[in-house]
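K.L.:
Sharing a structure with you now.
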Amino acid sequence: GPQECIPITDPADQLALQAELATAGEVIDRLPTVAAAEEAGYGQIAPYVPGMAVHYIGPGFDDTFDAAQPEMLLYNGTDPDSPLVGLSYVALAEEPPEGFTGPNDVWHNHPGLCMVGNFVVGIDGTPEDLCESVGGSINRALANLWMMHLWQVPGWESQWGLFSGENPAINIVTSDMWNKR
């Protein structure tokens with residue numbers, strides 16, 4: 001849901017964040033579609049999930065953060081021309097890394113995803129028997145895999161916050177949207 005934005009009051013921190021976001025924004029122009037992502041070595045790692053799109057993972061990651069190198073790209077579909085809607089940063093570490101300047105980039109981890117091979121087919125908390133029924137297993141080895149989303153693609157900004165875990169613009173029905181019908 002919505003993420004509270006904590007104001008950044010230090011002018012130097014504001015400038016640093018603006019520079020980091022500009023750097024991340026260069027990825028938007030470089031990899032605007034699934035076809036461009038696949039050509040750059042990204043591959044689909046999970047199905048389409050409302051509010052989070054389709055995750056495409058790059059060729060590698062470590063324990064560091066680099067605004068210019070999102071480890072995952074988020075697309076609104078799997079067709080070659082499906083548009084980029086967000087970026088996701090990943091780090092394999094005991095603790096989440098220092099990411100964007102300021103307190104607003106919220107990192108999360110997935111200590112028990114249901115996976116078939118290297119493809120995520122179920123969220124944390126998927127019952128083990130259900131996971132096994134689709135040929136999967138619960139992957140607990142990813143407990144130290146930290147992720148953070150960034151929703152700054154023009155037209156796909158999240159009203160829940162720049163770094164919110166989900167984005168209601170990505171085909172998700174919320175009670176607010178439902179009540180406006």
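Each chain in the structure tokens gets a letter, A, B, ..., in the order shown, and its residues are numbered from 1; ligands are numbered from 1 in order too.
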Report as a PyMOL selection string all protein, DNA and RNA residues lying within 10 Å of A:Phe61, evaluated on only C-alpha atoms, omitting residues in the same chain fewer than 3 positions from it.

P.N.:
chain A and resi 57-58+64-65+69-72+89-92+145

K.L.:
Could you write out that same residue set with all heavy atoms as a short mmCIF file (atom, residue, chain, number, x, y, z; two decimals), in the first residue's frame?

P.N.:
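Below is the file result.cif, written as the result:
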data_model
loop_
_atom_site.label_atom_id
_atom_site.label_comp_id
_atom_site.auth_asym_id
_atom_site.auth_seq_id
_atom_site.Cartn_x
_atom_site.Cartn_y
_atom_site.Cartn_z
N ILE A 57 15.20 -10.22 -14.85
CA ILE A 57 16.44 -10.10 -14.10
C ILE A 57 17.63 -10.06 -15.05
O ILE A 57 17.63 -10.73 -16.09
CB ILE A 57 16.59 -11.24 -13.06
CG1 ILE A 57 17.71 -10.94 -12.08
CG2 ILE A 57 16.77 -12.59 -13.75
CD1 ILE A 57 17.68 -11.79 -10.82
N GLY A 58 18.61 -9.25 -14.68
CA GLY A 58 19.81 -9.10 -15.48
C GLY A 58 20.80 -10.23 -15.25
O GLY A 58 20.55 -11.15 -14.47
N THR A 64 26.15 -4.74 -3.71
CA THR A 64 26.25 -3.29 -3.83
C THR A 64 25.03 -2.70 -4.55
O THR A 64 24.26 -3.41 -5.18
CB THR A 64 27.52 -2.89 -4.60
OG1 THR A 64 27.45 -3.42 -5.92
CG2 THR A 64 28.77 -3.40 -3.90
N PHE A 65 24.92 -1.38 -4.47
CA PHE A 65 23.86 -0.63 -5.14
C PHE A 65 24.50 0.32 -6.14
O PHE A 65 25.46 1.00 -5.83
CB PHE A 65 23.07 0.17 -4.10
CG PHE A 65 22.18 1.22 -4.72
CD1 PHE A 65 20.97 0.87 -5.28
CD2 PHE A 65 22.58 2.54 -4.76
CE1 PHE A 65 20.15 1.83 -5.87
CE2 PHE A 65 21.77 3.51 -5.34
CZ PHE A 65 20.55 3.15 -5.88
N GLN A 69 22.55 0.71 -12.66
CA GLN A 69 22.50 -0.72 -13.00
C GLN A 69 21.41 -1.46 -12.22
O GLN A 69 21.71 -2.26 -11.33
CB GLN A 69 23.86 -1.36 -12.69
CG GLN A 69 25.02 -0.79 -13.45
CD GLN A 69 24.92 -1.05 -14.95
OE1 GLN A 69 24.46 -2.10 -15.38
NE2 GLN A 69 25.31 -0.09 -15.74
N PRO A 70 20.13 -1.23 -12.54
CA PRO A 70 19.10 -2.00 -11.85
C PRO A 70 19.22 -3.48 -12.23
O PRO A 70 19.36 -3.81 -13.41
CB PRO A 70 17.80 -1.40 -12.36
CG PRO A 70 18.15 -0.80 -13.68
CD PRO A 70 19.58 -0.34 -13.56
N GLU A 71 19.21 -4.32 -11.24
CA GLU A 71 19.34 -5.75 -11.50
C GLU A 71 18.08 -6.35 -12.10
O GLU A 71 18.13 -7.38 -12.77
CB GLU A 71 19.69 -6.49 -10.19
CG GLU A 71 21.10 -6.23 -9.70
CD GLU A 71 21.29 -4.89 -9.00
OE1 GLU A 71 20.29 -4.19 -8.70
OE2 GLU A 71 22.45 -4.54 -8.75
N MET A 72 16.94 -5.69 -11.87
CA MET A 72 15.68 -6.14 -12.46
C MET A 72 14.97 -4.96 -13.12
O MET A 72 15.08 -3.83 -12.68
CB MET A 72 14.75 -6.74 -11.40
CG MET A 72 15.18 -8.06 -10.89
SD MET A 72 13.86 -8.77 -9.86
CE MET A 72 14.78 -10.02 -9.02
N TYR A 89 16.05 -2.85 -7.81
CA TYR A 89 17.44 -3.05 -7.43
C TYR A 89 17.52 -4.25 -6.49
O TYR A 89 16.64 -4.46 -5.66
CB TYR A 89 17.99 -1.78 -6.79
CG TYR A 89 18.04 -0.65 -7.78
CD1 TYR A 89 16.94 0.18 -7.97
CD2 TYR A 89 19.16 -0.45 -8.56
CE1 TYR A 89 16.97 1.19 -8.91
CE2 TYR A 89 19.20 0.56 -9.51
CZ TYR A 89 18.11 1.38 -9.69
OH TYR A 89 18.13 2.37 -10.63
N VAL A 90 18.57 -5.03 -6.63
CA VAL A 90 18.74 -6.27 -5.88
C VAL A 90 20.14 -6.32 -5.31
O VAL A 90 21.10 -5.92 -5.97
CB VAL A 90 18.52 -7.49 -6.81
CG1 VAL A 90 18.77 -8.79 -6.08
CG2 VAL A 90 17.13 -7.47 -7.42
N ALA A 91 20.25 -6.82 -4.10
CA ALA A 91 21.57 -7.03 -3.48
C ALA A 91 21.52 -8.31 -2.67
O ALA A 91 20.52 -8.60 -1.99
CB ALA A 91 21.95 -5.86 -2.59
N LEU A 92 22.56 -9.09 -2.76
CA LEU A 92 22.69 -10.32 -1.98
C LEU A 92 23.61 -9.99 -0.81
O LEU A 92 24.82 -9.85 -1.00
CB LEU A 92 23.26 -11.44 -2.84
CG LEU A 92 23.28 -12.82 -2.23
CD1 LEU A 92 21.88 -13.28 -1.85
CD2 LEU A 92 23.89 -13.82 -3.21
N LEU A 145 18.47 -11.99 -0.10
CA LEU A 145 18.31 -11.29 -1.37
C LEU A 145 17.37 -10.11 -1.13
O LEU A 145 16.18 -10.29 -0.90
CB LEU A 145 17.71 -12.22 -2.43
CG LEU A 145 17.59 -11.61 -3.81
CD1 LEU A 145 18.95 -11.63 -4.50
CD2 LEU A 145 16.57 -12.37 -4.64
#

K.L.:
At a cut-off of 10 Å, can you tabulate as a Markdown table every residue of stretch 106-179 of chain A near stretch 20-32 of chain A together with its closest atom pair and the distance in Å to one decimal, using only C-alpha atoms and ordering rows by chain then number?

P.N.:
| residue | atom | partner | partner_atom | distance |
| --- | --- | --- | --- | --- |
| A:Leu150 | CA | A:Ala24 | CA | 8.9 |
| A:Gln152 | CA | A:Gly25 | CA | 7.5 |
| A:Val153 | CA | A:Ile28 | CA | 6.6 |
| A:Pro154 | CA | A:Ile28 | CA | 9.0 |

K.L.:
Create the file for the chosen residues now, containing N, CA, C and O atoms and written as a compact mmCIF listing (two decimals), in the first residue's frame.

P.N.:
# COMPACT_ATOMS: atom_id res chain seq x y z
N LEU A 150 11.58 1.07 -7.86
CA LEU A 150 11.61 2.49 -8.17
C LEU A 150 10.60 2.73 -9.29
O LEU A 150 10.71 2.15 -10.37
N GLN A 152 9.56 5.50 -11.44
CA GLN A 152 9.72 6.85 -11.99
C GLN A 152 9.56 6.91 -13.50
O GLN A 152 9.82 7.94 -14.12
N VAL A 153 9.12 5.82 -14.12
CA VAL A 153 8.91 5.83 -15.57
C VAL A 153 7.73 6.76 -15.87
O VAL A 153 6.65 6.59 -15.28
N PRO A 154 7.92 7.74 -16.75
CA PRO A 154 6.82 8.67 -17.06
C PRO A 154 5.55 7.93 -17.48
O PRO A 154 5.59 7.03 -18.32

K.L.:
Can you work out which one of A:Ala16, A:Ile6, A:Leu73, A:Ala93 has the shortest atom-to-atom distance to A:Thr33, counting only C-alpha atoms?

P.N.:
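Ranked by minimum distance to A:Thr33, first place goes to A:Leu73.
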
K.L.:
Considering only C-alpha atoms, state which residue in the set A:Glu128, A:Asn171, A:Val120, A:Pro103 is at the smallest distance from A:Gln3.

P.N.:
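Checking each of A:Glu128, A:Asn171, A:Val120, A:Pro103 against A:Gln3, counting only C-alpha atoms, the winner is A:Pro103.
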
K.L.:
Using only C-alpha atoms, pick whichever of A:Trp156, A:Glu39, A:Gly161, A:Gly112 has the shortest atom-to-atom distance to A:Ala53.

P.N.:
A:Trp156

K.L.:
Considering only C-alpha atoms, return as a PDB file with C-alpha atoms, in the first residue's frame whatever protein or nucleic-acid residues lie within 10 Å of A:Asp124, sequence-local ones (same chain, fewer than 5 positions apart) excluded.

P.N.:
ATOM      1  CA  ASN A 109      13.402  -9.627   1.001  1.00  0.00           C
ATOM      2  CA  HIS A 110      11.711 -12.879   0.069  1.00  0.00           C
ATOM      3  CA  PRO A 111      12.734 -15.651   2.464  1.00  0.00           C
ATOM      4  CA  GLY A 112      10.527 -18.361   0.989  1.00  0.00           C
ATOM      5  CA  LEU A 113       9.434 -17.999  -2.623  1.00  0.00           C
ATOM      6  CA  CYS A 114       7.898 -20.934  -4.469  1.00  0.00           C
ATOM      7  CA  ILE A 138      10.213 -23.315  -1.515  1.00  0.00           C
ATOM      8  CA  ASN A 139      13.519 -21.492  -1.957  1.00  0.00           C
ATOM      9  CA  ARG A 140      14.763 -20.395   1.449  1.00  0.00           C
TER      10      ARG A 140
END

K.L.:
Determine which residues of chain A DSSP labels as strand (DSSP E or B) from the backbone of this structure, then write them out as an NGL selection string.

P.N.:
:A and (33 or 43-44 or 49 or 53-57 or 72-75 or 83-92 or 108-109 or 113-116 or 119-122 or 137-139 or 145-150)

K.L.:
How would the residues just picked look written out with N, CA and C atoms as a CSV table (one decimal), in the first residue's frame?

P.N.:
chain,number,residue,atom,x,y,z
A,33,THR,N,11.5,-1.4,-23.7
A,33,THR,CA,10.6,-2.5,-24.0
A,33,THR,C,11.2,-3.9,-23.6
A,43,GLY,N,16.3,-11.6,-18.5
A,43,GLY,CA,15.3,-12.7,-18.7
A,43,GLY,C,14.2,-12.7,-17.7
A,44,GLN,N,13.0,-13.1,-18.1
A,44,GLN,CA,11.9,-13.2,-17.2
A,44,GLN,C,12.1,-14.1,-16.1
A,49,VAL,N,2.4,-9.9,-12.3
A,49,VAL,CA,1.7,-9.8,-11.0
A,49,VAL,C,1.1,-8.4,-10.9
A,53,ALA,N,4.0,-5.8,-11.9
A,53,ALA,CA,4.4,-6.1,-13.3
A,53,ALA,C,5.1,-7.4,-13.4
A,54,VAL,N,5.8,-7.6,-14.5
A,54,VAL,CA,6.7,-8.7,-14.8
A,54,VAL,C,8.1,-8.4,-14.5
A,55,HIS,N,8.8,-9.2,-13.7
A,55,HIS,CA,10.2,-9.0,-13.4
A,55,HIS,C,11.1,-9.7,-14.4
A,56,TYR,N,12.0,-8.9,-14.9
A,56,TYR,CA,13.1,-9.4,-15.8
A,56,TYR,C,14.4,-9.2,-15.0
A,57,ILE,N,15.2,-10.2,-14.9
A,57,ILE,CA,16.4,-10.1,-14.1
A,57,ILE,C,17.6,-10.1,-15.1
A,72,MET,N,16.9,-5.7,-11.9
A,72,MET,CA,15.7,-6.1,-12.5
A,72,MET,C,15.0,-5.0,-13.1
A,73,LEU,N,14.3,-5.3,-14.2
A,73,LEU,CA,13.4,-4.3,-14.9
A,73,LEU,C,12.0,-4.8,-14.8
A,74,LEU,N,11.0,-3.9,-14.7
A,74,LEU,CA,9.6,-4.3,-14.5
A,74,LEU,C,8.8,-3.8,-15.7
A,75,TYR,N,8.2,-4.8,-16.4
A,75,TYR,CA,7.4,-4.5,-17.6
A,75,TYR,C,6.0,-4.8,-17.5
A,83,PRO,N,5.8,-2.2,-22.4
A,83,PRO,CA,6.6,-1.1,-21.9
A,83,PRO,C,7.2,-1.3,-20.5
A,84,LEU,N,8.4,-0.7,-20.3
A,84,LEU,CA,9.0,-0.6,-19.0
A,84,LEU,C,8.1,0.3,-18.1
A,85,VAL,N,7.9,-0.2,-16.9
A,85,VAL,CA,7.0,0.6,-15.9
A,85,VAL,C,7.8,0.9,-14.6
A,86,GLY,N,8.9,0.2,-14.4
A,86,GLY,CA,9.6,0.4,-13.2
A,86,GLY,C,11.0,-0.3,-13.2
A,87,LEU,N,11.8,0.1,-12.2
A,87,LEU,CA,13.1,-0.5,-12.0
A,87,LEU,C,13.1,-1.2,-10.7
A,88,SER,N,14.0,-2.2,-10.5
A,88,SER,CA,14.1,-2.9,-9.2
A,88,SER,C,15.6,-3.1,-9.0
A,89,TYR,N,16.0,-2.8,-7.8
A,89,TYR,CA,17.4,-3.1,-7.4
A,89,TYR,C,17.5,-4.2,-6.5
A,90,VAL,N,18.6,-5.0,-6.6
A,90,VAL,CA,18.7,-6.3,-5.9
A,90,VAL,C,20.1,-6.3,-5.3
A,91,ALA,N,20.3,-6.8,-4.1
A,91,ALA,CA,21.6,-7.0,-3.5
A,91,ALA,C,21.5,-8.3,-2.7
A,92,LEU,N,22.6,-9.1,-2.8
A,92,LEU,CA,22.7,-10.3,-2.0
A,92,LEU,C,23.6,-10.0,-0.8
A,108,HIS,N,13.2,-4.8,0.7
A,108,HIS,CA,12.4,-6.0,1.3
A,108,HIS,C,13.1,-7.3,0.8
A,109,ASN,N,12.8,-8.4,1.5
A,109,ASN,CA,13.4,-9.6,1.0
A,109,ASN,C,12.3,-10.7,0.9
A,113,LEU,N,10.2,-18.0,-1.4
A,113,LEU,CA,9.4,-18.0,-2.6
A,113,LEU,C,9.3,-19.4,-3.2
A,114,CYS,N,8.1,-19.7,-3.8
A,114,CYS,CA,7.9,-20.9,-4.5
A,114,CYS,C,8.5,-20.8,-5.9
A,115,MET,N,9.4,-21.7,-6.2
A,115,MET,CA,10.1,-21.6,-7.5
A,115,MET,C,10.1,-22.9,-8.2
A,116,VAL,N,10.0,-22.8,-9.5
A,116,VAL,CA,10.2,-23.9,-10.4
A,116,VAL,C,11.4,-23.6,-11.2
A,119,PHE,N,12.5,-19.8,-11.8
A,119,PHE,CA,11.3,-19.0,-12.1
A,119,PHE,C,10.4,-19.0,-10.9
A,120,VAL,N,10.0,-17.8,-10.4
A,120,VAL,CA,9.2,-17.6,-9.3
A,120,VAL,C,7.7,-17.9,-9.7
A,121,VAL,N,7.1,-18.8,-9.0
A,121,VAL,CA,5.7,-19.1,-9.3
A,121,VAL,C,4.7,-18.9,-8.1
A,122,GLY,N,5.3,-18.5,-6.9
A,122,GLY,CA,4.5,-18.3,-5.8
A,122,GLY,C,5.1,-17.4,-4.8
A,137,SER,N,9.4,-25.8,-5.5
A,137,SER,CA,9.9,-26.0,-4.2
A,137,SER,C,10.1,-24.6,-3.6
A,138,ILE,N,10.0,-24.6,-2.2
A,138,ILE,CA,10.2,-23.3,-1.5
A,138,ILE,C,11.7,-23.0,-1.4
A,139,ASN,N,12.1,-21.9,-2.0
A,139,ASN,CA,13.5,-21.5,-2.0
A,139,ASN,C,13.8,-20.6,-0.8
A,145,LEU,N,18.5,-12.0,-0.1
A,145,LEU,CA,18.3,-11.3,-1.4
A,145,LEU,C,17.4,-10.1,-1.1
A,146,TRP,N,17.9,-8.9,-1.1
A,146,TRP,CA,17.2,-7.7,-0.8
A,146,TRP,C,16.8,-7.0,-2.1
A,147,MET,N,15.5,-6.5,-2.2
A,147,MET,CA,15.0,-5.8,-3.4
A,147,MET,C,14.4,-4.5,-3.0
A,148,MET,N,14.4,-3.6,-4.0
A,148,MET,CA,13.7,-2.3,-3.8
A,148,MET,C,13.2,-1.9,-5.2
A,149,HIS,N,11.9,-1.4,-5.2
A,149,HIS,CA,11.4,-0.9,-6.5
A,149,HIS,C,11.5,0.6,-6.6
A,150,LEU,N,11.6,1.1,-7.9
A,150,LEU,CA,11.6,2.5,-8.2
A,150,LEU,C,10.6,2.7,-9.3

K.L.:
If you run DSSP on the backbone here, which positions in stretch 3-180 of chain A get alpha helix (DSSP H)? Please write them as a PyMOL selection string.

P.N.:
chain A and resi 11-30+34-39+128-133+175-179

K.L.:
Give me a file of those residues, with N, CA, C and O atoms, as a short mmCIF file (atom, residue, chain, number, x, y, z; two decimals), in the first residue's frame.

P.N.:
data_model
loop_
_atom_site.label_atom_id
_atom_site.label_comp_id
_atom_site.auth_asym_id
_atom_site.auth_seq_id
_atom_site.Cartn_x
_atom_site.Cartn_y
_atom_site.Cartn_z
N PRO A 11 19.85 20.24 1.67
CA PRO A 11 19.99 20.55 0.24
C PRO A 11 20.99 19.64 -0.48
O PRO A 11 20.77 19.27 -1.63
N ALA A 12 22.07 19.28 0.18
CA ALA A 12 23.06 18.40 -0.45
C ALA A 12 22.46 17.02 -0.71
O ALA A 12 22.70 16.42 -1.77
N ASP A 13 21.67 16.52 0.23
CA ASP A 13 21.01 15.23 0.04
C ASP A 13 19.96 15.31 -1.07
O ASP A 13 19.80 14.37 -1.85
N GLN A 14 19.25 16.42 -1.15
CA GLN A 14 18.27 16.61 -2.22
C GLN A 14 18.95 16.55 -3.59
O GLN A 14 18.46 15.88 -4.50
N LEU A 15 20.07 17.24 -3.70
CA LEU A 15 20.81 17.24 -4.97
C LEU A 15 21.37 15.85 -5.29
O LEU A 15 21.34 15.42 -6.44
N ALA A 16 21.86 15.16 -4.27
CA ALA A 16 22.39 13.81 -4.49
C ALA A 16 21.29 12.87 -4.98
O ALA A 16 21.50 12.10 -5.92
N LEU A 17 20.11 12.94 -4.35
CA LEU A 17 19.00 12.09 -4.78
C LEU A 17 18.58 12.44 -6.21
O LEU A 17 18.34 11.55 -7.03
N GLN A 18 18.51 13.72 -6.53
CA GLN A 18 18.14 14.12 -7.89
C GLN A 18 19.12 13.56 -8.91
O GLN A 18 18.73 13.08 -9.97
N ALA A 19 20.40 13.60 -8.59
CA ALA A 19 21.43 13.06 -9.50
C ALA A 19 21.27 11.55 -9.65
O ALA A 19 21.38 11.01 -10.76
N GLU A 20 21.00 10.84 -8.54
CA GLU A 20 20.81 9.39 -8.60
C GLU A 20 19.58 9.03 -9.43
O GLU A 20 19.62 8.09 -10.24
N LEU A 21 18.50 9.78 -9.25
CA LEU A 21 17.28 9.51 -10.02
C LEU A 21 17.49 9.81 -11.51
O LEU A 21 16.96 9.10 -12.37
N ALA A 22 18.27 10.84 -11.81
CA ALA A 22 18.59 11.14 -13.21
C ALA A 22 19.40 10.00 -13.82
O ALA A 22 19.16 9.58 -14.96
N THR A 23 20.33 9.47 -13.06
CA THR A 23 21.13 8.33 -13.53
C THR A 23 20.23 7.12 -13.78
O THR A 23 20.33 6.45 -14.82
N ALA A 24 19.34 6.83 -12.84
CA ALA A 24 18.40 5.70 -13.02
C ALA A 24 17.51 5.96 -14.23
O ALA A 24 17.18 5.02 -14.97
N GLY A 25 17.14 7.21 -14.45
CA GLY A 25 16.28 7.55 -15.57
C GLY A 25 16.88 7.25 -16.93
O GLY A 25 16.16 7.03 -17.91
N GLU A 26 18.19 7.20 -17.02
CA GLU A 26 18.85 6.87 -18.29
C GLU A 26 18.51 5.44 -18.72
O GLU A 26 18.50 5.13 -19.91
N VAL A 27 18.25 4.57 -17.77
CA VAL A 27 17.88 3.19 -18.08
C VAL A 27 16.54 3.17 -18.80
O VAL A 27 16.31 2.35 -19.70
N ILE A 28 15.64 4.06 -18.43
CA ILE A 28 14.31 4.12 -19.03
C ILE A 28 14.42 4.33 -20.54
O ILE A 28 13.74 3.66 -21.32
N ASP A 29 15.29 5.23 -20.94
CA ASP A 29 15.47 5.50 -22.37
C ASP A 29 16.19 4.36 -23.08
O ASP A 29 15.94 4.09 -24.25
N ARG A 30 17.08 3.69 -22.38
CA ARG A 30 17.91 2.64 -22.97
C ARG A 30 17.17 1.31 -23.13
O ARG A 30 17.43 0.56 -24.07
N VAL A 34 10.39 -4.88 -23.53
CA VAL A 34 10.88 -6.23 -23.23
C VAL A 34 11.94 -6.65 -24.24
O VAL A 34 12.96 -7.24 -23.88
N ALA A 35 11.72 -6.35 -25.52
CA ALA A 35 12.69 -6.73 -26.55
C ALA A 35 14.06 -6.12 -26.25
O ALA A 35 15.09 -6.81 -26.38
N ALA A 36 14.09 -4.86 -25.85
CA ALA A 36 15.37 -4.21 -25.53
C ALA A 36 16.02 -4.85 -24.31
O ALA A 36 17.24 -5.05 -24.27
N ALA A 37 15.21 -5.21 -23.32
CA ALA A 37 15.74 -5.87 -22.11
C ALA A 37 16.34 -7.22 -22.45
O ALA A 37 17.45 -7.55 -22.00
N GLU A 38 15.63 -8.00 -23.24
CA GLU A 38 16.13 -9.32 -23.61
C GLU A 38 17.41 -9.21 -24.42
O GLU A 38 18.35 -9.99 -24.23
N GLU A 39 17.48 -8.23 -25.30
CA GLU A 39 18.70 -8.01 -26.09
C GLU A 39 19.88 -7.65 -25.18
O GLU A 39 21.02 -7.98 -25.46
N GLU A 128 3.70 -25.28 1.21
CA GLU A 128 4.66 -26.17 0.57
C GLU A 128 3.97 -27.20 -0.34
O GLU A 128 4.43 -27.45 -1.45
N ASP A 129 2.85 -27.76 0.11
CA ASP A 129 2.17 -28.75 -0.71
C ASP A 129 1.61 -28.14 -1.99
O ASP A 129 1.63 -28.77 -3.05
N LEU A 130 1.14 -26.90 -1.92
CA LEU A 130 0.66 -26.22 -3.12
C LEU A 130 1.82 -25.97 -4.08
O LEU A 130 1.70 -26.18 -5.29
N CYS A 131 2.94 -25.52 -3.54
CA CYS A 131 4.12 -25.27 -4.36
C CYS A 131 4.57 -26.56 -5.06
O CYS A 131 4.83 -26.56 -6.27
N GLU A 132 4.62 -27.64 -4.31
CA GLU A 132 5.03 -28.93 -4.87
C GLU A 132 4.04 -29.41 -5.93
O GLU A 132 4.42 -30.07 -6.89
N SER A 133 2.75 -29.07 -5.78
CA SER A 133 1.73 -29.52 -6.73
C SER A 133 1.93 -28.94 -8.13
O SER A 133 1.40 -29.47 -9.10
N SER A 175 -9.52 -0.50 -3.22
CA SER A 175 -10.86 -0.10 -2.78
C SER A 175 -11.18 1.31 -3.24
O SER A 175 -12.31 1.62 -3.59
N ASP A 176 -10.15 2.20 -3.28
CA ASP A 176 -10.39 3.56 -3.76
C ASP A 176 -10.83 3.55 -5.22
O ASP A 176 -11.75 4.24 -5.61
N MET A 177 -10.16 2.76 -6.05
CA MET A 177 -10.50 2.69 -7.46
C MET A 177 -11.87 2.04 -7.64
O MET A 177 -12.67 2.46 -8.47
N TRP A 178 -12.12 0.96 -6.90
CA TRP A 178 -13.37 0.24 -7.02
C TRP A 178 -14.55 1.15 -6.67
O TRP A 178 -15.58 1.12 -7.33
N ASN A 179 -14.42 1.97 -5.63
CA ASN A 179 -15.50 2.84 -5.17
C ASN A 179 -15.78 3.96 -6.16
O ASN A 179 -16.83 4.59 -6.08
#

K.L.:
To one decimal place, how far is atom CA of A:Val134 from atom CA of A:Gly117 in Å?

P.N.:
11.5 Å

K.L.:
Pick the closest to A:Asp10 from A:Ala169, A:Ala68, A:Gly102, A:Pro97: which is it, counting only C-alpha atoms?

P.N.:
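Smallest separation from A:Asp10 among the options: A:Gly102.
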
K.L.:
Report, in Å to a single decimal, how far apart atom CA of A:Trp151 and atom CA of A:Pro168 are.

P.N.:
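We find that atom CA of A:Pro168 and atom CA of A:Trp151 lie 10.8 Å from each other.
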